[in-house]
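Q: So that you have it, the file is target33.cif, and it contains mmCIF, C-alpha atoms and all ligand atoms:
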```
data_protein
loop_
_atom_site.label_atom_id
_atom_site.label_comp_id
_atom_site.auth_asym_id
_atom_site.auth_seq_id
_atom_site.Cartn_x
_atom_site.Cartn_y
_atom_site.Cartn_z
CA MET A 151 90.69 58.16 115.02
CA THR A 152 87.82 57.22 117.29
CA LEU A 153 89.57 58.82 120.25
CA PHE A 154 88.87 62.31 118.95
CA ALA A 155 85.75 61.65 116.87
CA ALA A 156 83.95 60.22 119.90
CA LYS A 157 84.56 63.39 121.86
CA ARG A 158 83.61 65.89 119.18
CA LYS A 159 80.90 68.29 120.24
CA LYS A 160 77.82 68.01 118.06
CA THR A 161 76.82 71.37 116.66
CA ARG A 162 74.06 72.53 114.36
CA GLN A 163 74.82 72.08 110.70
CA ILE A 164 74.99 74.92 108.21
CA THR A 165 75.93 74.95 104.54
CA VAL A 166 78.48 77.16 102.80
CA GLY A 167 78.01 76.65 99.06
CA ASN A 168 78.24 72.85 98.79
CA VAL A 169 80.25 72.36 102.01
CA LYS A 170 78.53 71.31 105.21
CA ILE A 171 79.87 72.78 108.44
CA GLY A 172 79.09 71.35 111.87
CA GLY A 173 76.72 68.57 112.87
CA MET A 174 79.51 65.97 112.56
CA ALA A 175 80.43 66.92 108.98
CA PRO A 176 84.22 66.56 108.50
CA VAL A 177 86.17 69.48 109.96
CA ALA A 178 86.51 71.79 106.94
CA VAL A 179 89.78 73.44 105.93
CA GLN A 180 89.78 77.10 104.91
CA SER A 181 92.22 79.73 103.77
CA MET A 182 92.17 83.35 102.66
CA THR A 183 93.68 84.87 99.54
CA ASN A 184 96.30 87.61 99.84
CA THR A 185 95.94 88.98 96.30
CA PHE A 186 94.03 92.18 95.55
CA THR A 187 90.55 90.71 95.17
CA GLN A 188 89.74 93.00 92.25
CA ASP A 189 92.72 91.49 90.37
CA VAL A 190 90.57 88.63 89.13
CA PRO A 191 93.27 86.60 87.26
CA ALA A 192 95.67 86.70 90.23
CA THR A 193 92.92 85.87 92.73
CA VAL A 194 91.56 82.99 90.63
CA SER A 195 95.06 81.62 90.12
CA GLN A 196 95.74 81.62 93.87
CA ILE A 197 92.38 80.00 94.63
CA LYS A 198 93.11 77.25 92.06
CA ARG A 199 96.39 76.51 93.84
CA LEU A 200 94.54 76.44 97.16
CA GLU A 201 91.94 74.05 95.72
CA GLU A 202 94.69 71.74 94.51
CA ALA A 203 96.24 71.74 98.00
CA GLY A 204 92.89 70.72 99.54
CA CYS A 205 91.31 74.04 100.54
CA GLU A 206 87.56 73.56 100.92
CA ILE A 207 86.37 77.13 101.50
CA VAL A 208 88.17 80.32 100.52
CA ARG A 209 87.75 83.82 101.89
CA VAL A 210 88.58 87.01 100.03
CA ALA A 211 88.95 90.52 101.42
CA VAL A 212 86.29 92.98 100.28
CA PRO A 213 87.66 96.42 101.12
CA ASP A 214 85.69 98.29 98.45
CA GLU A 215 82.95 98.13 95.85
CA GLU A 216 85.34 96.99 93.11
CA ALA A 217 86.37 93.94 95.15
CA ALA A 218 82.72 93.09 95.82
CA THR A 219 81.89 93.28 92.12
CA ALA A 220 84.89 91.07 91.24
CA ILE A 221 83.30 88.18 93.18
CA THR A 222 80.96 87.48 90.25
CA SER A 223 83.88 86.90 87.85
CA ILE A 224 86.00 84.99 90.40
CA LYS A 225 83.14 82.62 91.15
CA LYS A 226 82.87 81.61 87.49
CA SER A 227 86.40 80.16 87.53
CA ILE A 228 86.63 78.39 90.89
CA SER A 229 85.09 75.24 92.35
CA ILE A 230 85.03 75.89 96.10
CA PRO A 231 82.70 78.20 98.05
CA LEU A 232 83.80 81.80 98.44
CA ILE A 233 83.26 83.91 101.54
CA ALA A 234 83.42 87.70 101.48
CA ASP A 235 85.38 89.21 104.36
CA ILE A 236 83.83 92.49 105.46
CA HIS A 237 85.12 95.13 107.81
CA PHE A 238 83.55 98.51 108.62
CA ASP A 239 81.12 98.95 105.73
CA TYR A 240 77.98 96.82 105.92
CA ARG A 241 77.02 97.91 102.40
CA LEU A 242 79.94 95.87 101.07
CA ALA A 243 78.42 92.77 102.65
CA ILE A 244 75.20 93.42 100.79
CA ALA A 245 77.10 94.08 97.53
CA SER A 246 79.08 90.83 98.01
CA ALA A 247 75.92 88.80 98.55
CA LYS A 248 74.46 90.28 95.39
CA ALA A 249 77.68 89.47 93.51
CA GLY A 250 77.33 85.78 94.41
CA ALA A 251 79.36 85.24 97.60
CA ASP A 252 78.53 81.91 99.28
CA GLY A 253 78.91 83.40 102.74
CA LEU A 254 79.77 86.57 104.62
CA ARG A 255 82.21 87.16 107.41
CA LEU A 256 81.47 90.14 109.59
CA ASN A 257 83.30 91.62 112.51
CA PRO A 258 80.37 93.03 114.47
CA GLY A 259 82.78 95.11 116.55
CA ASN A 260 83.60 97.32 113.60
CA ILE A 261 80.41 97.15 111.54
CA GLY A 262 78.79 99.72 113.78
CA THR A 263 75.21 99.71 114.89
CA MET A 264 72.96 96.73 115.42
CA GLU A 265 70.77 98.14 112.63
CA LYS A 266 73.59 97.61 110.15
CA VAL A 267 74.11 94.00 111.28
CA ARG A 268 70.36 93.57 110.96
CA ALA A 269 70.42 94.87 107.36
CA VAL A 270 73.15 92.40 106.45
CA ALA A 271 71.23 89.52 108.06
CA GLU A 272 68.11 90.34 106.10
CA CYS A 273 70.14 90.40 102.88
CA ALA A 274 71.92 87.10 103.69
CA LYS A 275 68.55 85.52 104.45
CA SER A 276 67.16 86.56 101.09
CA PHE A 277 70.18 84.97 99.35
CA ASP A 278 70.14 81.95 101.71
CA ILE A 279 73.82 82.30 102.60
CA PRO A 280 75.44 82.00 106.04
CA ILE A 281 77.13 84.66 108.12
CA ARG A 282 80.22 84.11 110.22
CA ILE A 283 80.29 86.35 113.24
CA GLY A 284 83.99 87.03 113.58
CA VAL A 285 84.64 88.36 117.06
CA ASN A 286 88.16 89.69 117.40
CA SER A 287 89.84 90.68 120.66
CA GLY A 288 91.32 93.75 118.96
CA SER A 289 87.98 95.27 118.00
CA LEU A 290 85.45 94.49 120.71
CA GLU A 291 82.47 96.75 121.35
CA LYS A 292 83.38 99.61 123.70
CA ASP A 293 80.73 98.86 126.30
CA LEU A 294 82.03 95.30 126.68
CA LEU A 295 85.62 96.46 127.04
CA LYS A 296 84.44 98.73 129.82
CA LYS A 297 82.25 96.12 131.51
CA TYR A 298 84.99 93.46 131.57
CA ASN A 299 87.92 95.84 131.92
CA GLY A 300 89.52 94.66 128.68
CA ALA A 301 89.14 92.03 125.96
CA THR A 302 88.74 89.05 128.27
CA PRO A 303 87.35 85.71 127.07
CA GLU A 304 84.10 86.61 128.87
CA ALA A 305 83.87 89.92 126.99
CA MET A 306 84.52 88.20 123.66
CA VAL A 307 81.90 85.54 124.38
CA GLU A 308 79.33 88.15 125.39
CA SER A 309 79.95 89.95 122.09
CA ALA A 310 79.42 86.68 120.20
CA ILE A 311 76.24 85.80 122.13
CA ARG A 312 74.86 89.30 121.65
CA ASN A 313 75.26 88.98 117.89
CA ILE A 314 73.93 85.44 117.78
CA GLU A 315 70.83 86.64 119.62
CA LEU A 316 70.40 89.52 117.21
CA LEU A 317 70.58 87.22 114.18
CA THR A 318 68.35 84.51 115.65
CA SER A 319 65.77 87.14 116.67
CA LEU A 320 65.52 87.88 112.95
CA ASP A 321 64.91 84.17 112.38
CA PHE A 322 68.37 83.89 110.83
CA HIS A 323 70.11 80.64 111.80
CA GLN A 324 72.81 80.06 109.16
CA ILE A 325 75.45 81.20 111.62
CA LYS A 326 78.97 80.19 112.53
CA ILE A 327 81.19 81.96 114.94
CA SER A 328 84.86 82.68 115.45
CA ILE A 329 86.27 84.31 118.54
CA LYS A 330 89.92 85.04 118.02
CA ALA A 331 92.63 86.56 120.12
CA SER A 332 96.24 86.88 119.03
CA ASP A 333 97.49 84.95 122.02
CA VAL A 334 96.89 81.25 122.24
CA ARG A 335 95.78 81.00 125.88
CA ARG A 336 93.03 83.60 125.55
CA THR A 337 91.86 82.11 122.26
CA ILE A 338 91.52 78.67 123.83
CA ALA A 339 89.74 80.03 126.92
CA ALA A 340 87.31 82.03 124.76
CA TYR A 341 86.44 79.10 122.48
CA ARG A 342 85.95 76.76 125.43
CA LEU A 343 83.57 79.21 127.07
CA LEU A 344 81.71 79.88 123.84
CA SER A 345 81.39 76.18 123.07
CA SER A 346 79.73 75.67 126.46
CA LYS A 347 77.17 78.37 125.66
CA THR A 348 76.16 77.73 122.04
CA ASP A 349 75.66 74.86 119.64
CA PHE A 350 76.22 76.94 116.52
CA PRO A 351 79.26 75.67 114.58
CA LEU A 352 82.61 77.22 115.44
CA HIS A 353 85.32 78.43 113.09
CA LEU A 354 88.71 78.16 114.81
CA GLY A 355 91.73 80.36 114.32
CA VAL A 356 94.47 82.23 116.09
CA THR A 357 94.51 85.69 114.61
CA GLU A 358 97.77 87.34 113.52
CA ALA A 359 99.51 84.04 114.14
CA GLY A 360 102.73 85.28 112.64
CA THR A 361 105.64 84.13 110.53
CA LEU A 362 105.84 80.60 109.19
CA PHE A 363 107.60 79.06 112.17
CA SER A 364 105.85 80.83 115.05
CA GLY A 365 102.55 80.78 113.17
CA ILE A 366 102.65 77.02 112.75
CA VAL A 367 103.45 76.56 116.43
CA LYS A 368 100.72 78.92 117.63
CA SER A 369 98.09 77.49 115.30
CA SER A 370 99.02 73.90 116.02
CA LEU A 371 98.68 74.54 119.74
CA GLY A 372 95.62 76.79 119.70
CA ILE A 373 93.63 75.01 117.01
CA GLY A 374 95.04 71.60 117.84
CA MET A 375 94.17 71.71 121.52
CA LEU A 376 90.60 72.75 120.77
CA LEU A 377 90.14 70.10 118.08
CA ALA A 378 91.55 67.50 120.44
CA GLU A 379 88.83 68.51 122.94
CA GLY A 380 86.17 68.09 120.27
CA ILE A 381 85.67 71.83 119.73
CA GLY A 382 85.66 73.27 116.21
CA ASP A 383 83.91 72.54 112.93
CA THR A 384 86.12 74.41 110.49
CA PHE A 385 89.36 76.36 110.78
CA ARG A 386 91.97 78.50 109.13
CA VAL A 387 95.64 78.51 109.96
CA SER A 388 96.90 82.11 109.56
CA LEU A 389 100.47 82.49 108.32
CA THR A 390 102.38 85.42 106.88
CA ARG A 391 103.13 83.33 103.79
CA ASP A 392 101.75 81.86 100.61
CA PRO A 393 98.30 80.69 101.80
CA VAL A 394 98.99 77.24 100.31
CA GLU A 395 101.24 76.75 103.35
CA GLU A 396 98.17 77.34 105.53
CA ILE A 397 96.44 74.40 103.89
CA ARG A 398 99.48 72.14 104.26
CA THR A 399 99.69 73.07 107.94
CA ALA A 400 95.94 72.53 108.42
CA TYR A 401 96.12 68.98 107.11
CA GLU A 402 99.19 68.24 109.20
CA ILE A 403 97.23 69.31 112.31
CA LEU A 404 94.27 67.12 111.33
CA LYS A 405 96.56 64.23 110.47
CA ALA A 406 98.49 64.49 113.73
CA LEU A 407 95.22 64.29 115.67
CA ASP A 408 93.88 61.44 113.51
CA ILE A 409 90.85 63.56 112.65
CA ARG A 410 91.27 63.66 108.87
CA ARG A 411 93.86 62.41 106.45
CA ARG A 412 94.83 63.87 103.09
CA GLY A 413 97.84 62.55 101.31
CA PRO A 414 100.75 60.47 102.55
CA GLU A 415 102.05 60.60 106.06
CA ILE A 416 105.80 61.01 105.99
CA ILE A 417 107.84 60.25 109.06
CA SER A 418 111.57 60.71 109.13
CA CYS A 419 114.18 60.24 111.79
CA PRO A 420 115.82 63.28 113.38
CA THR A 421 119.26 61.88 112.30
CA CYS A 422 122.14 61.24 114.65
CA GLY A 423 125.81 60.33 114.51
CA ARG A 424 124.95 57.10 112.65
CA CYS A 425 123.42 58.91 109.67
CA LYS A 426 125.68 58.85 106.60
CA ILE A 427 123.28 60.22 103.99
CA ASN A 428 121.87 63.67 103.29
CA LEU A 429 118.52 62.90 104.88
CA PHE A 430 117.30 66.52 104.92
CA GLU A 431 117.58 66.72 101.13
CA ILE A 432 116.01 63.29 100.57
CA VAL A 433 113.02 64.13 102.79
CA GLU A 434 112.56 67.45 100.97
CA GLN A 435 112.64 65.73 97.56
CA VAL A 436 110.06 63.14 98.63
CA GLU A 437 107.82 65.78 100.20
CA GLN A 438 107.90 67.93 97.07
CA ALA A 439 107.24 64.95 94.78
CA LEU A 440 104.17 63.93 96.80
CA LEU A 441 102.79 67.41 97.48
CA SER A 442 99.52 66.89 95.61
CA SER A 443 99.31 63.11 96.17
CA LEU A 444 96.16 61.77 97.82
CA SER A 445 97.74 58.43 98.67
CA PRO A 446 96.95 57.23 102.22
CA VAL A 447 100.38 55.55 102.49
CA ARG A 448 102.55 55.95 105.61
CA LEU A 449 106.17 56.46 104.62
CA ALA A 450 109.35 56.33 106.66
CA ILE A 451 112.61 57.92 105.59
CA MET A 452 115.34 56.85 107.98
CA GLY A 453 118.97 57.77 108.31
CA CYS A 454 120.64 54.38 108.79
CA VAL A 455 120.18 50.84 107.55
CA VAL A 456 120.79 49.24 110.94
CA ASN A 457 118.23 50.92 113.19
CA GLY A 458 115.96 52.61 110.62
CA PRO A 459 113.59 49.74 109.71
CA GLY A 460 113.08 48.74 113.35
CA GLU A 461 112.42 52.31 114.43
CA ALA A 462 109.77 52.72 111.72
CA LYS A 463 107.87 49.44 112.02
CA GLU A 464 104.49 51.11 111.59
CA ALA A 465 105.27 52.56 108.18
CA ASP A 466 103.80 50.85 105.12
CA ILE A 467 106.93 51.59 103.11
CA GLY A 468 110.32 52.90 104.20
CA ILE A 469 113.78 53.63 102.93
CA ALA A 470 117.12 53.97 104.67
CA GLY A 471 120.66 54.37 103.42
CA GLY A 472 124.33 54.42 104.35
CA ASP A 473 127.73 53.28 103.06
CA GLY A 474 126.50 53.36 99.46
CA VAL A 475 123.63 50.92 100.05
CA GLY A 476 119.94 51.79 100.05
CA ILE A 477 117.32 49.52 101.52
CA LEU A 478 113.60 49.30 101.05
CA PHE A 479 111.57 48.00 103.96
CA LYS A 480 107.92 47.29 104.55
CA LYS A 481 106.41 47.14 108.05
CA GLY A 482 109.90 47.01 109.54
CA GLU A 483 111.20 44.14 107.32
CA VAL A 484 113.90 44.72 104.70
CA VAL A 485 112.59 43.61 101.30
CA LYS A 486 115.19 44.95 98.85
CA LYS A 487 118.70 46.41 98.57
CA PHE A 488 119.85 48.80 95.86
CA PRO A 489 122.42 51.56 95.21
CA GLN A 490 122.01 54.43 97.66
CA ASP A 491 121.58 57.09 94.96
CA LYS A 492 118.28 55.43 93.95
CA LEU A 493 116.60 55.97 97.35
CA VAL A 494 114.04 58.56 96.29
CA GLN A 495 113.30 56.88 92.96
CA VAL A 496 112.68 53.48 94.60
CA LEU A 497 110.44 54.99 97.25
CA LEU A 498 108.30 56.87 94.73
CA GLU A 499 107.94 53.74 92.56
CA GLU A 500 106.78 51.79 95.60
CA VAL A 501 104.20 54.49 96.41
CA GLU A 502 102.82 54.11 92.89
CA LYS A 503 102.58 50.33 93.32
CA TYR A 504 100.90 50.77 96.71
CA ASP A 505 98.31 53.11 95.20
CA ALA A 506 97.73 50.79 92.21
CA GLU A 507 96.93 47.91 94.60
CA LEU A 508 94.35 50.07 96.38
CA ARG A 509 92.52 50.89 93.15
S1 LIG B 1 117.33 55.88 112.22
FE1 LIG B 1 119.54 55.69 112.45
S2 LIG B 1 120.28 57.72 111.85
FE2 LIG B 1 118.13 57.96 112.27
S3 LIG B 1 118.07 58.62 114.40
FE3 LIG B 1 117.78 56.39 114.35
S4 LIG B 1 119.83 55.55 114.67
FE4 LIG B 1 120.11 57.72 114.08
#
```
Turn this file's structure into structure tokens for me.
A:
Amino acid sequence: MTLFAAKRKKTRQITVGNVKIGGMAPVAVQSMTNTFTQDVPATVSQIKRLEEAGCEIVRVAVPDEEAATAITSIKKSISIPLIADIHFDYRLAIASAKAGADGLRLNPGNIGTMEKVRAVAECAKSFDIPIRIGVNSGSLEKDLLKKYNGATPEAMVESAIRNIELLTSLDFHQIKISIKASDVRRTIAAYRLLSSKTDFPLHLGVTEAGTLFSGIVKSSLGIGMLLAEGIGDTFRVSLTRDPVEEIRTAYEILKALDIRRRGPEIISCPTCGRCKINLFEIVEQVEQALLSSLSPVRLAIMGCVVNGPGEAKEADIGIAGGDGVGILFKKGEVVKKFPQDKLVQVLLEEVEKYDAELR
């Protein structure tokens, strides 16, 4: 844990609703709804599921006036801060702030003139809410594209700095910045450069990350490499899926880097020719059963009774099976034998006992 925490870049701290971002606050996990924002029951229901999965800040799209107005009703039924995502029309940012949004996300490249960004900043200041400057490689200002001959990391960073300077010149400092490209290498290069030039908190993400499988790989690499270097104060994993999967992936990234933990850590063997049980199904059952668990336990689910316990010595609790026999082991030592069909049940009972001892 200290390996990464010691290296983390200290940024200024801002507040989104009741969540602190930057300045050594825990790296915050975000997601974005994919319901029609104006469909209040559907949007609230999705946000509740995101909250349960550990989402700490949620963003909703505000494509029109109706969506902006819906923020007031949505806010009444949710517990986490809500950020309004604005493209093109700066008036929707102002309407969202008035409707109670806890923060605004603007893409300065498509908002238009500096005067419009200025109007939004003045409004956000009056409501004391932060603005995320969301620079996107696909919609950079034309003069920067020309100057840098394309959406290079340098062009993206200049766009970010230009907008930071505009906001700070208005004495507006509740700022965080994202600087996303759809390819991982450019995203990493842009964030590294930006991090060397500003101490405002950074929101990480790889835009249009893609389907579940490729999205998880791209986000884990892009976001993970930056977090491992100490860059990044909050992030969203983008997946073309139920956004709850984004939260699960986010915590797996944080867990893998020992930055934050939420819920059990499950390790399982890849299986080999010695495995005589349906390990894939057992792992799936355990994962589903513990989906909303906050237990800090480290679990091992191994495919054979001979090598399994030894291979998973670091797990608090483990199970393995084969030839009709199930075994329970703790820290690599076998503590109990039982019929193989009770593997999942025994493991879940042991997790309960483990949690009870911690209370
Ligand atoms: S624990 Fe057993 S089944 Fe799993 S990979 Fe190791 S030897 Fe193979």
Q: Do you have, as a tab-separated table, the list of residues of stretch 279-363 of chain A lying at most 12 Å from stretch 155-172 of chain A, each with its nearest atom pair and that distance in Å to one decimal, counting all atoms listed in the file and ordered by chain then number?
A:
```
residue	atom	partner	partner_atom	distance
A:Ile279	CA	A:Val166	CA	6.9
A:Pro280	CA	A:Val166	CA	6.6
A:Ile281	CA	A:Val166	CA	9.3
A:Arg282	CA	A:Val166	CA	10.3
A:Phe322	CA	A:Ile164	CA	11.5
A:His323	CA	A:Ile164	CA	8.3
A:Gln324	CA	A:Ile164	CA	5.7
A:Ile325	CA	A:Ile164	CA	7.2
A:Lys326	CA	A:Ile164	CA	7.9
A:Ile327	CA	A:Gly172	CA	11.2
A:Arg342	CA	A:Lys159	CA	11.1
A:Ser345	CA	A:Lys159	CA	8.4
A:Ser346	CA	A:Lys159	CA	9.7
A:Lys347	CA	A:Thr161	CA	11.4
A:Thr348	CA	A:Thr161	CA	8.4
A:Asp349	CA	A:Thr161	CA	4.7
A:Phe350	CA	A:Arg162	CA	5.4
A:Pro351	CA	A:Gly172	CA	5.1
A:Leu352	CA	A:Gly172	CA	7.7
A:His353	CA	A:Ile171	CA	9.1
```
Q: Which of these residues is nearest to A:Glu315, using only C-alpha atoms: A:Gly458, A:Val267, A:Glu507, A:Asn428?
A: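 Closest residue, counting only C-alpha atoms: A:Val267.
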Q: Could you name the residues that touch stretch 213-221 of chain A at 6 Å or less, counting all atoms listed in the file, but leaving out those on the same chain fewer than 2 positions away, as a ChimeraX atom specification?
A: /A:187-188,223-225,245-246,249
Q: Output the neighbourhood of ligand LIG 1 (chain B) as an NGL selection string, that is, all protein and nucleic acid residues with some atom at most 7 Å from the ligand, counting only C-alpha atoms and all ligand atoms.
A: :A and (419-425 or 452-458 or 461)
Q: Kindly provide, as lines of an AutoDock Vina configuration file, the centre and edge lengths (Å, one decimal) of an axis-aligned box around all atoms of stretch 472-475 of chain A given in the file, with 8 Å on each side.
A:
```
center_x = 125.7
center_y = 52.7
center_z = 101.9
size_x = 20.1
size_y = 19.5
size_z = 20.9
```
Q: Would you mind telling me which residue in A:Ser364, A:Thr318, A:Thr185, A:Ser332 lies nearest to A:Val285 when using all atoms listed in the file?
A: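 With all atoms listed in the file as the atom set, the closest residue is A:Ser332.
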